[in-house]
Amino acid sequence: MKYAIEKDFPFEAIDPIAEIESYRKEINRPIYHIHKWWAKRLGSVFRAIVSGALSENKWSDFYTNQDFKGKIVLDPFMGSGTTLGEAAKLGASVVGCDVNPVSTFLVNQALKDISINELEKEFKSIERDVKEKINSYFTTKLSDTNQKAQALYYFWVKIVRTPNGEEIPLFSSYVFSKNAYPKKKPDSKIWCPHCESVITAHYNLTHIDCPSCKKPFNPQSGPARGSKVVDKNGNEHKIKDLVNLGKAPPKHKLYAIMALNEKGEKVYIKPSQYDFDILQKASDDLVKIEGELPLPIMQVRHGHNTNQAKGYNYNSWRDFFNERQLLCLGLLLQRILEIKDREVRDHFVCLFSGSLEFNNLFCSFKGEGTGAVRHMFSNHILKPERTPLENIVWGVPGKSSGTFSTLFKSRLIKAKEYLKNPFEILLEEKDGKIKSSKIVCSSPISLSSTQSWEEFKSQSQSALILNGDSSRLPVPDNSIDAVVTDPPYFDFVHYSELSDFFYAWLSPALGGDYEYLKRNDSSHENEVQDKDNQSFSRKLGCIFSECKRVLKEDGLLCFSYHHSAIDGWIAIYEAITNSGLDIVAAHPVKAEMSVASPKSAAKDPINLDAILVCKKERKPPKVTDIKSEVRRLYNDYVSRFQASGRKLSSGDKFVIVCSQVITISSCLRLSSEEVRAEIAELVTELIGVSESKSRKAV
């Protein structure tokens, strides 16, 4: 028997839907954005993958309300739960496992159908108890009227101290706020380095005489220039050397505040003594009660993703917050932990944890006309922010972004509403233009949450969410209909080094209730992330072997993958073939949003994933000439993309070549070295560049 995805993948129909989804994933698939996770794949793509892996012989229309009741789909790298949610929408029961405890916690909350009324009722109760207290630490005074006002954001800059005692703010530019479209709205906010006034002027001026102190300066040229800083005498110093003179993270200077005036308009203010007094009060209050608050005590581990932060002396997760943030976040979490209903409590803990990425000293300002707060994970490393933005924790409706109250409505409630009405993006041509709307073509997601396989099997549609090593699943042989997943990325990105940021708060808060939150950190000895391709391949192969064990005889393992180097494709080839599986097909499809960081910085980014379709080893089809077969498949896919109006980068073409080579090589049982040679030759022939140049481009 053949399943639809073994024969083809209708990317011409799926890609445009995925493209629209990718621009606002948190709106178009809110269920997977209840909390931060990394490398989230597109829900529309995974809906199609699940459908193709369970549909016999032919594809169903994307918008068909399909019902795979009785089928079981497994994701051994569940991450944010994309596979599980899409499979549940199609009527299947789901088993999800992840070695990371933060993933397990967030997926449990994302998939749980809970009363929205109960959540809203509890939110109002939390609001009554702590909103006023928290907001009292985020008030300011308007400079023109001296009236108290609600602050929205605080602008800080790191300070370094030279050996001769000069303190220098790490501004690369004194233009600290401009519109996202500055050519249309050129007014910006500029900080005067002489009198510290906040000036309104054109965003690209190179000379200005401060209206307050009359002194001239170049707004575009601050003392921080790349990795160095210039003192008042013109001497250059390495910033890292100055940071290393101390044992603590660099100090910060508050230099501007965005607040709301009496009309509710945003205004920029130079900090006054009132603001510094509030900061001191927050610091004093924290000292008095910090022993009562559930604050992080974990240390930051050494690692590729954390070493840059540790190089700035951020050695404790507590260091990522100032005293005011620690106090207000601690007060909020303390109140949440008083909630008696465990399910309701856990949802609010999840919301709180999700808000942390927008409320710390690694955030920055995106500019006017945007969501304002650039979260701390805009890079895949914990990069210390020279000009951090402090958010106000609770938030102001309609004015704030990334705060607890605004995320309650935009993330948590939207996710719960999606469970009841799981919509898809519908594209239709009207008046010569493609317009999108939303259509519900799935039954509500209503999964019975279970704790064991026996309980799982006793329910009509259920979810078994596990934490642990997916190479040892508590699942019987030959019991899973399809495995659909997105393995961790081969190379340097270690999710657990980043997820420790959340785990440092979750563990002291809920470690008493959940075994998986009692560990020292969120890492695991068998997590499948390693810069060594042999280690990566071995660990991944162990999990693929386990997938083979639990799969039914004709079941499929389907997963998305891409890499910019041959080593990455050899590693995945070895993991599959050593586990006793064959690659029976490989289909290119839209990956994540191409303008997403860090893709936007790449010269020639990869915008395609390969969907690799694997089956238990069987008699392979006969292939007489690998090169001819790869050429045929490659040319067919490129032609189809061109016909659909999709422009392919050399990185995209590299993905197509590599995925087809390992597919045919799997049939021929070629060795890794033979596969490597075939890829190198065909990349040069079909793309016109060497593999090394292709890798540099992406």
# chains A, B, ... in the order shown; residues from 1 in each chain; ligands from 1
>>> select_by_dssp(residues="segment 265-382 of chain A", states="strand (DSSP E)", output="PyMOL selection string")
chain A and resi 266-269+364-367+372-374
>>> residues_around(residues="Tyr561 of chain A", least_positions_apart="3", cutoff="8 Å", atoms="only C-alpha atoms", output="number ranges by chain")
A: 486-487, 609-612
>>> closest_atom_pairs(of="segment 191-236 of chain A", to="segment 172-186 of chain A", cutoff="6 Å", atoms="only C-alpha atoms", output="CSV")
residue,atom,partner,partner_atom,distance
A:Trp191,CA,A:Tyr174,CA,5.3
A:His202,CA,A:Pro186,CA,5.3
A:Tyr203,CA,A:Pro186,CA,5.6
A:Pro219,CA,A:Tyr174,CA,4.9
A:Gln220,CA,A:Ser173,CA,4.7
A:Ser221,CA,A:Ser173,CA,5.1
A:Gly222,CA,A:Ser172,CA,4.3
A:Ala224,CA,A:Ser172,CA,4.6
A:Arg225,CA,A:Ser172,CA,5.9
>>> closest_atom_pairs(of="segment 71-145 of chain A", to="segment 372-393 of chain A", cutoff="8 Å", atoms="only C-alpha atoms", output="Markdown table")
| residue | atom | partner | partner_atom | distance |
| --- | --- | --- | --- | --- |
| A:Ile134 | CA | A:Val393 | CA | 7.6 |
| A:Asn135 | CA | A:Ile392 | CA | 7.5 |
| A:Phe138 | CA | A:Ile392 | CA | 6.3 |
>>> closest_atom_pairs(of="segment 114-169 of chain A", to="segment 253-266 of chain A", cutoff="8 Å", atoms="only C-alpha atoms", output="CSV")
residue,atom,partner,partner_atom,distance
A:Thr140,CA,A:Ala259,CA,7.5
A:Leu142,CA,A:Asn261,CA,7.1
A:Ala149,CA,A:Leu260,CA,6.2
A:Gln150,CA,A:Leu260,CA,5.6
A:Ala151,CA,A:Ala259,CA,4.0
A:Leu152,CA,A:Ala259,CA,5.1
A:Tyr153,CA,A:Met258,CA,5.2
A:Tyr154,CA,A:Ile257,CA,4.6
A:Phe155,CA,A:Ala256,CA,5.1
A:Trp156,CA,A:Leu254,CA,4.5
A:Val157,CA,A:Lys253,CA,5.3
A:Lys158,CA,A:Lys253,CA,6.4
A:Ile159,CA,A:Lys253,CA,6.7
A:Pro169,CA,A:Lys253,CA,7.7
>>> write_last_selection(atoms="C-alpha atoms", output="PDB file, in the first residue's frame")
ATOM      1  CA  THR A 140       6.811  58.887  35.679  1.00  0.00           C
ATOM      2  CA  LEU A 142       5.548  64.645  32.409  1.00  0.00           C
ATOM      3  CA  ALA A 149       1.884  59.589  33.982  1.00  0.00           C
ATOM      4  CA  GLN A 150       1.925  55.953  32.978  1.00  0.00           C
ATOM      5  CA  ALA A 151       5.265  54.888  31.531  1.00  0.00           C
ATOM      6  CA  LEU A 152       5.357  52.459  28.621  1.00  0.00           C
ATOM      7  CA  TYR A 153       9.067  51.786  28.030  1.00  0.00           C
ATOM      8  CA  TYR A 154      12.361  52.718  29.643  1.00  0.00           C
ATOM      9  CA  PHE A 155      15.439  53.238  27.488  1.00  0.00           C
ATOM     10  CA  TRP A 156      18.739  52.124  28.999  1.00  0.00           C
ATOM     11  CA  VAL A 157      22.332  52.074  27.778  1.00  0.00           C
ATOM     12  CA  LYS A 158      25.233  49.971  29.014  1.00  0.00           C
ATOM     13  CA  ILE A 159      28.135  51.843  30.621  1.00  0.00           C
ATOM     14  CA  PRO A 169      27.745  54.898  27.334  1.00  0.00           C
TER      15      PRO A 169
END
>>> atom_distance(atom1="atom CA of Lys420 of chain A", atom2="atom CA of Leu447 of chain A")
11.4 Å
>>> residues_around(residues="Ile336 of chain A", least_positions_apart="2", cutoff="9 Å", atoms="only C-alpha atoms", output="PyMOL selection string")
chain A and resi 126+331-334+338-339+345-346+348-349+352
>>> atom_distance(atom1="atom CA of Val675 of chain A", atom2="atom CA of Lys552 of chain A")
28.9 Å
>>> closest_residue(among="A:Ala565, A:Ile664, A:Leu648, A:Val160", to="Ala585 of chain A", atoms="only C-alpha atoms")
A:Ile664
